[in-house]
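Participant: So I've got this file, input-v4.cif, and it contains mmCIF, C-alpha atoms; chains and numbers go by the auth columns:
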data_query
loop_
_atom_site.group_PDB
_atom_site.id
_atom_site.type_symbol
_atom_site.label_atom_id
_atom_site.label_comp_id
_atom_site.label_asym_id
_atom_site.label_seq_id
_atom_site.Cartn_x
_atom_site.Cartn_y
_atom_site.Cartn_z
_atom_site.B_iso_or_equiv
_atom_site.auth_seq_id
_atom_site.auth_asym_id
ATOM 1 C CA MET A 1 46.636 46.270 -30.966 0.00 18 A
ATOM 2 C CA ASN A 2 47.252 49.274 -28.674 0.00 19 A
ATOM 3 C CA VAL A 3 46.180 49.295 -25.044 0.00 20 A
ATOM 4 C CA PHE A 4 43.041 51.365 -25.697 0.00 21 A
ATOM 5 C CA LYS A 5 41.807 48.934 -28.331 0.00 22 A
ATOM 6 C CA LYS A 6 42.484 46.024 -25.974 0.00 23 A
ATOM 7 C CA ILE A 7 40.479 47.721 -23.231 0.00 24 A
ATOM 8 C CA SER A 8 37.638 48.406 -25.666 0.00 25 A
ATOM 9 C CA VAL A 9 37.539 44.773 -26.786 0.00 26 A
ATOM 10 C CA VAL A 10 37.495 43.564 -23.189 0.00 27 A
ATOM 11 C CA LEU A 11 34.740 46.002 -22.213 0.00 28 A
ATOM 12 C CA ILE A 12 32.602 45.139 -25.230 0.00 29 A
ATOM 13 C CA GLY A 13 33.055 41.408 -24.590 0.00 30 A
ATOM 14 C CA SER A 14 32.157 41.851 -20.928 0.00 31 A
ATOM 15 C CA LEU A 15 29.089 43.935 -21.804 0.00 32 A
ATOM 16 C CA PHE A 16 27.968 41.375 -24.398 0.00 33 A
ATOM 17 C CA SER A 17 28.347 38.539 -21.888 0.00 34 A
ATOM 18 C CA SER A 18 26.371 40.519 -19.318 0.00 35 A
ATOM 19 C CA LEU A 19 23.557 41.162 -21.785 0.00 36 A
ATOM 20 C CA LEU A 20 23.372 37.471 -22.613 0.00 37 A
ATOM 21 C CA ALA A 21 23.184 36.645 -18.913 0.00 38 A
ATOM 22 C CA LEU A 22 20.300 39.028 -18.195 0.00 39 A
ATOM 23 C CA PRO A 23 17.485 36.743 -19.468 0.00 40 A
ATOM 24 C CA VAL A 24 18.931 33.831 -17.485 0.00 41 A
ATOM 25 C CA MET A 25 19.136 35.930 -14.334 0.00 42 A
ATOM 26 C CA ALA A 26 15.559 37.153 -14.839 0.00 43 A
ATOM 27 C CA ALA A 27 14.302 33.597 -15.367 0.00 44 A
ATOM 28 C CA ASP A 28 16.088 32.445 -12.219 0.00 45 A
ATOM 29 C CA ALA A 29 14.563 35.336 -10.267 0.00 46 A
ATOM 30 C CA ASP A 30 11.091 34.524 -11.572 0.00 47 A
ATOM 31 C CA ARG A 31 11.515 30.846 -10.681 0.00 48 A
ATOM 32 C CA GLN A 32 12.623 31.788 -7.190 0.00 49 A
ATOM 33 C CA ALA A 33 9.654 34.162 -6.797 0.00 50 A
ATOM 34 C CA LEU A 34 7.268 31.344 -7.707 0.00 51 A
ATOM 35 C CA LEU A 35 8.989 28.869 -5.407 0.00 52 A
ATOM 36 C CA THR A 36 8.789 31.406 -2.579 0.00 53 A
ATOM 37 C CA ARG A 37 5.020 31.657 -3.115 0.00 54 A
ATOM 38 C CA LEU A 38 4.695 27.895 -3.116 0.00 55 A
ATOM 39 C CA ASP A 39 6.835 27.596 0.018 0.00 56 A
ATOM 40 C CA GLY A 40 3.931 29.180 1.891 0.00 57 A
ATOM 41 C CA LEU A 41 1.666 26.358 0.762 0.00 58 A
ATOM 42 C CA THR A 42 1.399 23.173 2.817 0.00 59 A
ATOM 43 C CA THR A 43 -2.093 22.073 1.781 0.00 60 A
ATOM 44 C CA LEU A 44 -4.682 23.298 -0.687 0.00 61 A
ATOM 45 C CA GLU A 45 -8.252 22.097 -1.164 0.00 62 A
ATOM 46 C CA ALA A 46 -10.730 23.502 -3.692 0.00 63 A
ATOM 47 C CA ASP A 47 -13.600 22.855 -6.042 0.00 64 A
ATOM 48 C CA PHE A 48 -12.828 23.461 -9.684 0.00 65 A
ATOM 49 C CA SER A 49 -14.411 23.992 -13.080 0.00 66 A
ATOM 50 C CA GLN A 50 -12.426 23.069 -16.172 0.00 67 A
ATOM 51 C CA GLU A 51 -12.833 23.967 -19.826 0.00 68 A
ATOM 52 C CA VAL A 52 -10.893 22.174 -22.539 0.00 69 A
ATOM 53 C CA THR A 53 -10.462 23.780 -25.963 0.00 70 A
ATOM 54 C CA ASP A 54 -8.893 22.355 -29.115 0.00 71 A
ATOM 55 C CA SER A 55 -6.318 23.898 -31.440 0.00 72 A
ATOM 56 C CA ASN A 56 -9.079 25.946 -33.096 0.00 73 A
ATOM 57 C CA GLY A 57 -10.241 27.374 -29.780 0.00 74 A
ATOM 58 C CA GLU A 58 -13.437 25.301 -29.874 0.00 75 A
ATOM 59 C CA LEU A 59 -14.797 24.084 -26.540 0.00 76 A
ATOM 60 C CA VAL A 60 -14.584 20.286 -26.473 0.00 77 A
ATOM 61 C CA GLN A 61 -15.184 19.459 -22.810 0.00 78 A
ATOM 62 C CA GLN A 62 -16.425 20.967 -19.561 0.00 79 A
ATOM 63 C CA LEU A 63 -15.641 19.367 -16.238 0.00 80 A
ATOM 64 C CA HIS A 64 -16.291 19.995 -12.560 0.00 81 A
ATOM 65 C CA GLY A 65 -14.684 18.398 -9.579 0.00 82 A
ATOM 66 C CA HIS A 66 -12.716 18.604 -6.377 0.00 83 A
ATOM 67 C CA MET A 67 -8.980 18.650 -5.716 0.00 84 A
ATOM 68 C CA ALA A 68 -6.668 18.545 -2.737 0.00 85 A
ATOM 69 C CA LEU A 69 -2.914 18.583 -2.409 0.00 86 A
ATOM 70 C CA ALA A 70 -0.518 18.248 0.478 0.00 87 A
ATOM 71 C CA ARG A 71 3.070 19.172 -0.187 0.00 88 A
ATOM 72 C CA PRO A 72 5.581 17.776 -0.798 0.00 89 A
ATOM 73 C CA ASN A 73 4.092 14.886 -2.782 0.00 90 A
ATOM 74 C CA LEU A 74 0.375 14.146 -2.293 0.00 91 A
ATOM 75 C CA LEU A 75 -2.481 14.896 -4.698 0.00 92 A
ATOM 76 C CA HIS A 76 -6.175 14.010 -5.014 0.00 93 A
ATOM 77 C CA TRP A 77 -7.918 15.136 -8.217 0.00 94 A
ATOM 78 C CA GLN A 78 -11.479 13.983 -8.873 0.00 95 A
ATOM 79 C CA THR A 79 -13.838 14.970 -11.683 0.00 96 A
ATOM 80 C CA ASP A 80 -17.580 14.541 -11.279 0.00 97 A
ATOM 81 C CA ALA A 81 -20.004 12.464 -13.333 0.00 98 A
ATOM 82 C CA PRO A 82 -20.744 12.103 -16.204 0.00 99 A
ATOM 83 C CA ASP A 83 -16.974 12.318 -16.866 0.00 100 A
ATOM 84 C CA GLU A 84 -15.950 10.780 -13.563 0.00 101 A
ATOM 85 C CA THR A 85 -12.244 10.115 -13.057 0.00 102 A
ATOM 86 C CA LEU A 86 -9.899 10.007 -10.083 0.00 103 A
ATOM 87 C CA MET A 87 -6.174 10.741 -9.922 0.00 104 A
ATOM 88 C CA VAL A 88 -4.240 10.101 -6.725 0.00 105 A
ATOM 89 C CA ALA A 89 -0.550 10.732 -6.082 0.00 106 A
ATOM 90 C CA ASP A 90 0.460 8.923 -2.896 0.00 107 A
ATOM 91 C CA GLY A 91 4.131 9.913 -2.828 0.00 108 A
ATOM 92 C CA GLN A 92 5.362 6.802 -4.625 0.00 109 A
ATOM 93 C CA ASN A 93 2.821 6.112 -7.337 0.00 110 A
ATOM 94 C CA LEU A 94 0.351 8.061 -9.443 0.00 111 A
ATOM 95 C CA TRP A 95 -2.997 6.287 -9.868 0.00 112 A
ATOM 96 C CA TYR A 96 -5.453 7.223 -12.611 0.00 113 A
ATOM 97 C CA TYR A 97 -8.858 5.567 -12.360 0.00 114 A
ATOM 98 C CA ASN A 98 -11.543 5.738 -15.044 0.00 115 A
ATOM 99 C CA PRO A 99 -14.694 3.961 -13.831 0.00 116 A
ATOM 100 C CA PHE A 100 -16.304 4.152 -17.287 0.00 117 A
ATOM 101 C CA VAL A 101 -13.669 1.905 -18.867 0.00 118 A
ATOM 102 C CA GLU A 102 -13.176 -0.018 -15.612 0.00 119 A
ATOM 103 C CA GLN A 103 -9.426 0.494 -15.627 0.00 120 A
ATOM 104 C CA VAL A 104 -6.711 1.879 -13.352 0.00 121 A
ATOM 105 C CA THR A 105 -3.379 3.023 -14.785 0.00 122 A
ATOM 106 C CA VAL A 106 -0.498 3.344 -12.344 0.00 123 A
ATOM 107 C CA TYR A 107 2.770 5.206 -12.938 0.00 124 A
ATOM 108 C CA ALA A 108 5.888 5.773 -10.870 0.00 125 A
ATOM 109 C CA GLN A 109 5.268 9.251 -9.472 0.00 126 A
ATOM 110 C CA ALA A 110 8.821 10.447 -10.205 0.00 127 A
ATOM 111 C CA ASP A 111 8.344 9.587 -13.877 0.00 128 A
ATOM 112 C CA ALA A 112 4.945 11.288 -13.962 0.00 129 A
ATOM 113 C CA VAL A 113 6.408 14.543 -12.589 0.00 130 A
ATOM 114 C CA ALA A 114 8.848 14.621 -15.495 0.00 131 A
ATOM 115 C CA GLN A 115 5.934 14.364 -17.922 0.00 132 A
ATOM 116 C CA SER A 116 3.524 16.884 -16.382 0.00 133 A
ATOM 117 C CA PRO A 117 4.398 20.353 -15.052 0.00 134 A
ATOM 118 C CA LEU A 118 1.161 20.353 -13.012 0.00 135 A
ATOM 119 C CA LEU A 119 2.791 17.927 -10.585 0.00 136 A
ATOM 120 C CA LEU A 120 5.587 20.439 -9.926 0.00 137 A
ATOM 121 C CA LEU A 121 3.127 22.139 -7.593 0.00 138 A
ATOM 122 C CA LEU A 122 3.738 19.319 -5.169 0.00 139 A
ATOM 123 C CA ASP A 123 7.474 19.670 -4.742 0.00 140 A
ATOM 124 C CA GLY A 124 9.637 22.771 -5.024 0.00 141 A
ATOM 125 C CA ASP A 125 12.781 20.624 -4.768 0.00 142 A
ATOM 126 C CA SER A 126 11.960 18.342 -7.689 0.00 143 A
ATOM 127 C CA GLN A 127 14.762 18.108 -10.263 0.00 144 A
ATOM 128 C CA ALA A 128 12.094 18.503 -12.965 0.00 145 A
ATOM 129 C CA TRP A 129 11.999 22.270 -12.240 0.00 146 A
ATOM 130 C CA ALA A 130 15.289 22.497 -14.154 0.00 147 A
ATOM 131 C CA ASP A 131 13.436 21.436 -17.313 0.00 148 A
ATOM 132 C CA TYR A 132 11.277 24.592 -17.358 0.00 149 A
ATOM 133 C CA GLU A 133 11.816 28.283 -17.908 0.00 150 A
ATOM 134 C CA VAL A 134 9.700 30.422 -15.582 0.00 151 A
ATOM 135 C CA LYS A 135 8.477 33.862 -16.595 0.00 152 A
ATOM 136 C CA ALA A 136 6.514 36.078 -14.235 0.00 153 A
ATOM 137 C CA GLU A 137 4.026 38.824 -15.035 0.00 154 A
ATOM 138 C CA ALA A 138 2.192 40.406 -12.103 0.00 155 A
ATOM 139 C CA ASN A 139 0.569 37.472 -10.252 0.00 156 A
ATOM 140 C CA SER A 140 0.938 35.046 -13.148 0.00 157 A
ATOM 141 C CA TYR A 141 3.775 32.596 -13.755 0.00 158 A
ATOM 142 C CA ALA A 142 4.318 30.765 -17.052 0.00 159 A
ATOM 143 C CA LEU A 143 6.349 27.550 -17.131 0.00 160 A
ATOM 144 C CA GLN A 144 7.680 26.684 -20.577 0.00 161 A
ATOM 145 C CA PRO A 145 9.546 23.411 -21.220 0.00 162 A
ATOM 146 C CA LEU A 146 13.137 23.671 -22.368 0.00 163 A
ATOM 147 C CA PRO A 147 14.169 21.763 -25.521 0.00 164 A
ATOM 148 C CA SER A 148 15.821 19.156 -23.272 0.00 165 A
ATOM 149 C CA ALA A 149 12.623 18.481 -21.298 0.00 166 A
ATOM 150 C CA ASP A 150 10.797 15.158 -21.574 0.00 167 A
ATOM 151 C CA SER A 151 7.453 16.958 -21.641 0.00 168 A
ATOM 152 C CA THR A 152 6.037 19.339 -24.243 0.00 169 A
ATOM 153 C CA GLN A 153 3.384 20.620 -21.842 0.00 170 A
ATOM 154 C CA SER A 154 3.443 24.191 -20.572 0.00 171 A
ATOM 155 C CA LEU A 155 1.745 25.574 -17.503 0.00 172 A
ATOM 156 C CA GLN A 156 0.478 28.941 -16.319 0.00 173 A
ATOM 157 C CA LEU A 157 -0.345 29.608 -12.666 0.00 174 A
ATOM 158 C CA VAL A 158 -2.420 32.650 -11.735 0.00 175 A
ATOM 159 C CA PHE A 159 -2.609 33.699 -8.098 0.00 176 A
ATOM 160 C CA ASN A 160 -5.315 35.767 -6.425 0.00 177 A
ATOM 161 C CA GLU A 161 -3.766 39.193 -5.963 0.00 178 A
ATOM 162 C CA LYS A 162 -6.112 40.012 -3.076 0.00 179 A
ATOM 163 C CA GLY A 163 -5.735 36.693 -1.262 0.00 180 A
ATOM 164 C CA GLU A 164 -2.856 34.984 0.455 0.00 181 A
ATOM 165 C CA ALA A 165 0.389 34.772 -1.502 0.00 182 A
ATOM 166 C CA ALA A 166 -0.042 31.054 -2.174 0.00 183 A
ATOM 167 C CA GLN A 167 -3.745 31.197 -3.122 0.00 184 A
ATOM 168 C CA LEU A 168 -4.070 29.832 -6.628 0.00 185 A
ATOM 169 C CA GLN A 169 -6.949 31.170 -8.684 0.00 186 A
ATOM 170 C CA ARG A 170 -6.431 29.669 -12.144 0.00 187 A
ATOM 171 C CA ILE A 171 -4.360 26.919 -13.766 0.00 188 A
ATOM 172 C CA ILE A 172 -3.857 26.829 -17.539 0.00 189 A
ATOM 173 C CA LEU A 173 -2.311 23.695 -19.024 0.00 190 A
ATOM 174 C CA ASP A 174 -1.239 23.485 -22.678 0.00 191 A
ATOM 175 C CA ASP A 175 -0.550 19.929 -23.862 0.00 192 A
ATOM 176 C CA GLY A 176 1.836 21.149 -26.557 0.00 193 A
ATOM 177 C CA GLN A 177 -0.457 19.986 -29.353 0.00 194 A
ATOM 178 C CA GLY A 178 -3.025 22.756 -29.227 0.00 195 A
ATOM 179 C CA GLN A 179 -5.342 21.456 -26.515 0.00 196 A
ATOM 180 C CA ILE A 180 -5.657 23.875 -23.607 0.00 197 A
ATOM 181 C CA SER A 181 -7.266 23.181 -20.234 0.00 198 A
ATOM 182 C CA THR A 182 -8.322 26.202 -18.176 0.00 199 A
ATOM 183 C CA ILE A 183 -9.062 25.339 -14.552 0.00 200 A
ATOM 184 C CA GLU A 184 -10.781 27.842 -12.268 0.00 201 A
ATOM 185 C CA LEU A 185 -10.460 27.159 -8.539 0.00 202 A
ATOM 186 C CA GLU A 186 -13.329 27.982 -6.181 0.00 203 A
ATOM 187 C CA ASN A 187 -13.866 27.708 -2.429 0.00 204 A
ATOM 188 C CA VAL A 188 -10.114 27.540 -1.928 0.00 205 A
ATOM 189 C CA LYS A 189 -8.902 26.471 1.519 0.00 206 A
ATOM 190 C CA LEU A 190 -5.222 26.868 2.336 0.00 207 A
ATOM 191 C CA ASN A 191 -3.020 25.165 4.897 0.00 208 A
ATOM 192 C CA ARG A 192 -5.720 23.222 6.707 0.00 209 A
ATOM 193 C CA ALA A 193 -5.462 19.690 8.003 0.00 210 A
ATOM 194 C CA LEU A 194 -6.486 17.142 5.364 0.00 211 A
ATOM 195 C CA SER A 195 -7.411 13.504 5.832 0.00 212 A
ATOM 196 C CA ARG A 196 -4.628 11.194 4.656 0.00 213 A
ATOM 197 C CA GLU A 197 -7.344 8.930 3.264 0.00 214 A
ATOM 198 C CA LEU A 198 -7.671 11.387 0.378 0.00 215 A
ATOM 199 C CA PHE A 199 -4.241 10.343 -0.807 0.00 216 A
ATOM 200 C CA LYS A 200 -4.672 6.587 -0.649 0.00 217 A
ATOM 201 C CA PHE A 201 -5.951 4.454 -3.487 0.00 218 A
ATOM 202 C CA GLU A 202 -7.161 0.882 -3.437 0.00 219 A
ATOM 203 C CA VAL A 203 -7.983 -0.842 -6.693 0.00 220 A
ATOM 204 C CA PRO A 204 -11.701 -1.677 -6.764 0.00 221 A
ATOM 205 C CA GLU A 205 -12.610 -5.324 -7.194 0.00 222 A
ATOM 206 C CA GLY A 206 -12.951 -6.407 -10.802 0.00 223 A
ATOM 207 C CA ILE A 207 -11.044 -3.421 -12.226 0.00 224 A
ATOM 208 C CA ASP A 208 -8.181 -3.967 -14.690 0.00 225 A
ATOM 209 C CA VAL A 209 -4.776 -2.540 -13.756 0.00 226 A
ATOM 210 C CA ASP A 210 -2.417 -1.152 -16.392 0.00 227 A
ATOM 211 C CA ASP A 211 0.914 -0.979 -14.582 0.00 228 A
ATOM 212 C CA GLN A 212 3.275 1.490 -16.294 0.00 229 A
ATOM 213 C CA ARG A 213 5.906 1.546 -13.568 0.00 230 A
#
As a first step, turn the structure in this file into structure tokens.

Facilitator:
Amino acid sequence: MNVFKKISVVLIGSLFSSLLALPVMAADADRQALLTRLDGLTTLEADFSQEVTDSNGELVQQLHGHMALARPNLLHWQTDAPDETLMVADGQNLWYYNPFVEQVTVYAQADAVAQSPLLLLLDGDSQAWADYEVKAEANSYALQPLPSADSTQSLQLVFNEKGEAAQLQRIILDDGQGQISTIELENVKLNRALSRELFKFEVPEGIDVDDQR
């Protein structure tokens, strides 16, 4: 092989490697852009309305409720009657309480983060971020699980383009089996002091506990 052919092979190989690296670099940039937005978020409190559709696009459930989060690891998520439930992440455990069935299920919070991309909102340093590819389009960020991820759920975060950088407007959660939850946030309050009582859970008397830790 003469020197010109060698140079051509090297240049083509380098170009091919660079082209393969472009999607990875773009994904890393999109992830960093999202993390930068979330870095401006210390607390968020909002009312929400939620619609759940099945794999055929049929509406199967409508919910309303209230949520609050305090980064890096606290969450309060409550849906109103008649479908009343309460989810609390206290930094160590994730509690899910369903008064209708009189049961509380408790998980180790670190394990729960690996199973649900929604909980990534709480912690930009969580190792679980490495399990998702992030793609940005305008003020929307889509998180898709990699084949190596424990979860099959995907997440889309839509920010209010006219509000503060960290002001979430919509959350779309796909369970990976065709059920999609679209959550619209209203009356959003950012970076205000929140009562720590929101992020504490005590098992009510007479309620069964399903401990999954």

Participant: Can you pull out every residue within 8 Å of segment 79-96 of chain A, counting all atoms listed in the file, but drop anything in the same chain fewer than 2 positions away, and send it as a ChimeraX atom specification?

Facilitator: /A:58-69,76-77,98,100-108,138-141,211,215-216

Participant: Rounded to one decimal in Å, what is the spacing between atom CA of Gly57 of chain A and atom CA of Asn208 of chain A?

Facilitator: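 Distance reported for this atom pair: 8.6 Å.
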
Participant: Which polymer residues, protein or nucleic acid, are no farther than 12 Å from (15.6, 21.3, -10.4), counting all atoms listed in the file, as a list in words?

Facilitator: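 Neighbouring residues, ordered by chain and number, come to Asp45, Arg48, Gln49, Leu52, Val130, Ala131, Leu137, Asp140, Gly141, Asp142, Ser143, Gln144, Ala145, Trp146, Ala147, Asp148, Tyr149, Glu150 and Ala166 of chain A.
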
Participant: So what do you get for atom CA of Val220 of chain A versus atom CA of Leu136 of chain A, distance-wise?

Facilitator: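 We find that atom CA of Val220 of chain A and atom CA of Leu136 of chain A lie 22.0 Å from each other.
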
Participant: Could you list the residues chosen by the PyMOL selection byres ((chain A and resi 193) around 7) in this structure as a list of chain:residue names?

Facilitator: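 Taken over the shown coordinates, the PyMOL selection byres ((chain A and resi 193) around 7) returns A:Thr169, A:Gln170, A:Ser171, A:Asp191, A:Asp192, A:Gln194, A:Gly195.
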
Participant: As JSON, numbers by chain, please: the residues near Ala129 of chain A (cut-off 10 Å, all atoms listed in the file, same-chain neighbours under 6 positions excluded).

Facilitator: {"A": [106, 110, 111, 123, 135, 136, 168, 230]}

Participant: Between atom CA of Gln196 of chain A and atom CA of Ser72 of chain A, measure the distance and give it in Å to one decimal.

Facilitator: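 We find that atom CA of Gln196 of chain A and atom CA of Ser72 of chain A lie 5.6 Å from each other.
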
Participant: Using only C-alpha atoms for the distances, tell me which of A:Val226, A:Phe218, A:Leu163, A:Asn177 is nearest to Leu202 of chain A.

Facilitator: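 Closest to Leu202 of chain A of all the choices is A:Asn177.
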
Participant: The centre and edge lengths of an axis-aligned box containing all atoms of segment 48-61 of chain A present in the file, extended by 3 Å on each side, are to be given in Å to one decimal, as JSON.

Facilitator:
{"center_x": 4.0, "center_y": 28.1, "center_z": -3.9, "size_x": 23.3, "size_y": 18.1, "size_z": 19.5}

Participant: So, with only C-alpha atoms as the atoms that count, which of A:Leu172, A:Leu207, A:Val151, A:Ala159 lies closest to Ser133 of chain A?

Facilitator: A:Leu172

Participant: Output the residue selection produced by the PyMOL selection byres ((chain A and resi 185) around 10) on the file above, formatted as a PyMOL selection string.

Facilitator: chain A and resi 54-55+58+61+63+156-157+174-178+180-184+186-188+201-203+205+207

Participant: Contacts of Gln109 of chain A at 8 Å or less, counting all atoms listed in the file, minus same-chain residues fewer than 4 places along, as a ChimeraX atom specification?

Facilitator: /A:125-127
